[in-house]
Amino acid sequence: MRKEDIEYFKKLLSDWLDQLLNKADGTVVDLLTTRDHSSDLIDQASLDRDRSFTLRIRVRESRLIYKIQQALENIETGTYGTCEECGEDISVKRLRARPVTTYCIDCKRRKEAMERMAV
């Protein structure tokens, strides 16, 4: 992979990570400071549902944060863009579509096919 591509992905991933971490910090502050002890059960149920939904989204985002951190670590170690299954280079086109991927398109397709057969 070209040095320009590596720099592009490093900046992209770093910016993405910063955005997610800022959003996560805001969620924690909101959850800690929002106190609504409504006596209306419907209002309370709605608030609880909204909080639950927000937390589910943040759990997904925390998984993405981990993947981004791993990708940045791979950039530092020189292994970014290498398929962890076959060891071949992952195409830049695929990395642009999914910067945190660790599989080339062929290995990913095989992996998904195996998962479907296992169900």
# chains A, B, ... in the order shown; residues from 1 in each chain; ligands from 1
call {"tool": "residues_around", "arguments": {"residues": "range 2-7 of chain A", "least_positions_apart": "3", "cutoff": "10 Å", "atoms": "only C-alpha atoms", "output": "MDAnalysis selection string"}}
result
chainID A and resid 10:13 75:76 78 80:81 92 95:96
call {"tool": "residues_around", "arguments": {"residues": "Ile68 in chain A", "least_positions_apart": "5", "cutoff": "9 Å", "atoms": "only C-alpha atoms", "output": "PyMOL selection string"}}
result
chain A and resi 13-14+16-17+63+73+99-100
call {"tool": "write_last_selection", "arguments": {"atoms": "N, CA and C atoms", "output": "PDB file, in the first residue's frame"}}
result
ATOM      1  N   LEU A  13      -9.276   7.197  10.256  1.00  0.00           N
ATOM      2  CA  LEU A  13      -9.566   6.403  11.448  1.00  0.00           C
ATOM      3  C   LEU A  13      -9.421   7.226  12.726  1.00  0.00           C
ATOM      4  N   SER A  14      -8.408   8.079  12.783  1.00  0.00           N
ATOM      5  CA  SER A  14      -8.210   8.932  13.971  1.00  0.00           C
ATOM      6  C   SER A  14      -9.373   9.899  14.151  1.00  0.00           C
ATOM      7  N   TRP A  16     -12.423   9.544  12.985  1.00  0.00           N
ATOM      8  CA  TRP A  16     -13.609   8.738  13.302  1.00  0.00           C
ATOM      9  C   TRP A  16     -13.599   8.354  14.780  1.00  0.00           C
ATOM     10  N   LEU A  17     -12.438   7.945  15.272  1.00  0.00           N
ATOM     11  CA  LEU A  17     -12.293   7.578  16.679  1.00  0.00           C
ATOM     12  C   LEU A  17     -12.600   8.767  17.586  1.00  0.00           C
ATOM     13  N   ARG A  63     -17.837  -1.306  20.267  1.00  0.00           N
ATOM     14  CA  ARG A  63     -17.198  -2.355  19.473  1.00  0.00           C
ATOM     15  C   ARG A  63     -16.460  -1.746  18.285  1.00  0.00           C
ATOM     16  N   GLU A  73      -3.541   0.546  15.394  1.00  0.00           N
ATOM     17  CA  GLU A  73      -2.387  -0.215  15.876  1.00  0.00           C
ATOM     18  C   GLU A  73      -1.739  -0.970  14.708  1.00  0.00           C
ATOM     19  N   PRO A  99     -13.006   0.692   6.415  1.00  0.00           N
ATOM     20  CA  PRO A  99     -11.625   0.909   6.871  1.00  0.00           C
ATOM     21  C   PRO A  99     -11.158   0.001   8.010  1.00  0.00           C
ATOM     22  N   VAL A 100     -12.078  -0.610   8.740  1.00  0.00           N
ATOM     23  CA  VAL A 100     -11.669  -1.461   9.859  1.00  0.00           C
ATOM     24  C   VAL A 100     -11.636  -2.943   9.491  1.00  0.00           C
TER      25      VAL A 100
END
call {"tool": "select_by_dssp", "arguments": {"residues": "chain A", "states": "helix (DSSP H, G or I)", "output": "number ranges by chain"}}
result
A: 3-33, 41-77, 92-97, 105-118
call {"tool": "write_last_selection", "arguments": {"atoms": "C-alpha atoms", "output": "tab-separated table (two decimals), in the first residue's frame"}}
result
chain	number	residue	atom	x	y	z
A	3	LYS	CA	2.39	5.83	1.91
A	4	GLU	CA	-0.33	8.33	0.85
A	5	ASP	CA	-2.98	5.65	1.34
A	6	ILE	CA	-1.65	4.79	4.80
A	7	GLU	CA	-1.69	8.47	5.81
A	8	TYR	CA	-5.24	8.83	4.44
A	9	PHE	CA	-6.50	5.88	6.48
A	10	LYS	CA	-4.63	6.96	9.60
A	11	LYS	CA	-6.29	10.38	9.49
A	12	LEU	CA	-9.69	8.92	8.61
A	13	LEU	CA	-9.57	6.40	11.45
A	14	SER	CA	-8.21	8.93	13.97
A	15	ASP	CA	-10.94	11.44	13.14
A	16	TRP	CA	-13.61	8.74	13.30
A	17	LEU	CA	-12.29	7.58	16.68
A	18	ASP	CA	-12.33	11.14	18.06
A	19	GLN	CA	-15.95	11.60	16.95
A	20	LEU	CA	-17.07	8.36	18.57
A	21	LEU	CA	-15.23	9.05	21.81
A	22	ASN	CA	-16.71	12.54	22.05
A	23	LYS	CA	-20.18	11.14	21.46
A	24	ALA	CA	-19.62	8.48	24.13
A	25	ASP	CA	-18.49	11.11	26.64
A	26	GLY	CA	-21.63	13.14	25.91
A	27	THR	CA	-23.85	10.11	26.45
A	28	VAL	CA	-22.32	9.38	29.84
A	29	VAL	CA	-22.77	13.00	30.92
A	30	ASP	CA	-26.38	13.00	29.69
A	31	LEU	CA	-27.22	9.79	31.50
A	32	LEU	CA	-25.64	11.01	34.72
A	33	THR	CA	-27.23	14.45	34.70
A	41	LEU	CA	-45.78	5.62	34.13
A	42	ILE	CA	-46.06	6.14	30.38
A	43	ASP	CA	-43.56	9.02	30.47
A	44	GLN	CA	-41.18	6.97	32.61
A	45	ALA	CA	-41.50	3.95	30.30
A	46	SER	CA	-40.78	6.15	27.29
A	47	LEU	CA	-37.70	7.61	28.96
A	48	ASP	CA	-36.47	4.15	29.92
A	49	ARG	CA	-36.99	2.90	26.36
A	50	ASP	CA	-35.06	5.87	24.95
A	51	ARG	CA	-32.18	5.31	27.38
A	52	SER	CA	-32.08	1.62	26.56
A	53	PHE	CA	-31.98	2.37	22.84
A	54	THR	CA	-29.18	4.90	23.33
A	55	LEU	CA	-27.17	2.42	25.38
A	56	ARG	CA	-27.56	-0.31	22.73
A	57	ILE	CA	-26.24	2.10	20.11
A	58	ARG	CA	-23.30	3.03	22.35
A	59	VAL	CA	-22.47	-0.66	22.89
A	60	ARG	CA	-22.25	-1.08	19.10
A	61	GLU	CA	-20.14	2.04	18.90
A	62	SER	CA	-17.82	0.72	21.62
A	63	ARG	CA	-17.20	-2.35	19.47
A	64	LEU	CA	-16.44	-0.06	16.54
A	65	ILE	CA	-14.08	1.99	18.73
A	66	TYR	CA	-12.17	-1.20	19.51
A	67	LYS	CA	-11.94	-2.09	15.80
A	68	ILE	CA	-10.72	1.41	14.95
A	69	GLN	CA	-8.09	1.23	17.69
A	70	GLN	CA	-6.95	-2.14	16.32
A	71	ALA	CA	-6.75	-0.71	12.79
A	72	LEU	CA	-4.65	2.21	14.03
A	73	GLU	CA	-2.39	-0.22	15.88
A	74	ASN	CA	-2.04	-2.25	12.66
A	75	ILE	CA	-1.02	0.92	10.83
A	76	GLU	CA	1.70	1.49	13.41
A	77	THR	CA	2.96	-2.10	13.15
A	92	VAL	CA	-7.72	0.01	-1.17
A	93	LYS	CA	-11.23	0.07	-2.64
A	94	ARG	CA	-12.40	-2.37	0.06
A	95	LEU	CA	-10.59	-0.45	2.79
A	96	ARG	CA	-12.27	2.77	1.66
A	97	ALA	CA	-15.64	1.03	1.97
A	105	ILE	CA	-13.16	-9.70	-0.05
A	106	ASP	CA	-12.59	-13.35	-1.02
A	107	CYS	CA	-11.85	-14.49	2.53
A	108	LYS	CA	-14.79	-12.48	3.88
A	109	ARG	CA	-17.14	-14.11	1.38
A	110	ARG	CA	-15.86	-17.58	2.31
A	111	LYS	CA	-16.22	-16.79	6.01
A	112	GLU	CA	-19.81	-15.56	5.54
A	113	ALA	CA	-20.68	-18.63	3.44
A	114	MET	CA	-19.36	-20.91	6.19
A	115	GLU	CA	-21.38	-19.00	8.80
A	116	ARG	CA	-24.56	-19.38	6.73
A	117	MET	CA	-23.98	-23.12	6.37
A	118	ALA	CA	-23.48	-23.47	10.13
call {"tool": "atom_distance", "arguments": {"atom1": "CA of Thr79 in chain A", "atom2": "CA of Arg98 in chain A"}}
result
16.0 Å
call {"tool": "closest_residue", "arguments": {"among": "A:Thr82, A:Ser39, A:Met1, A:Val119", "to": "Thr102 in chain A", "atoms": "only C-alpha atoms"}}
result
A:Thr82
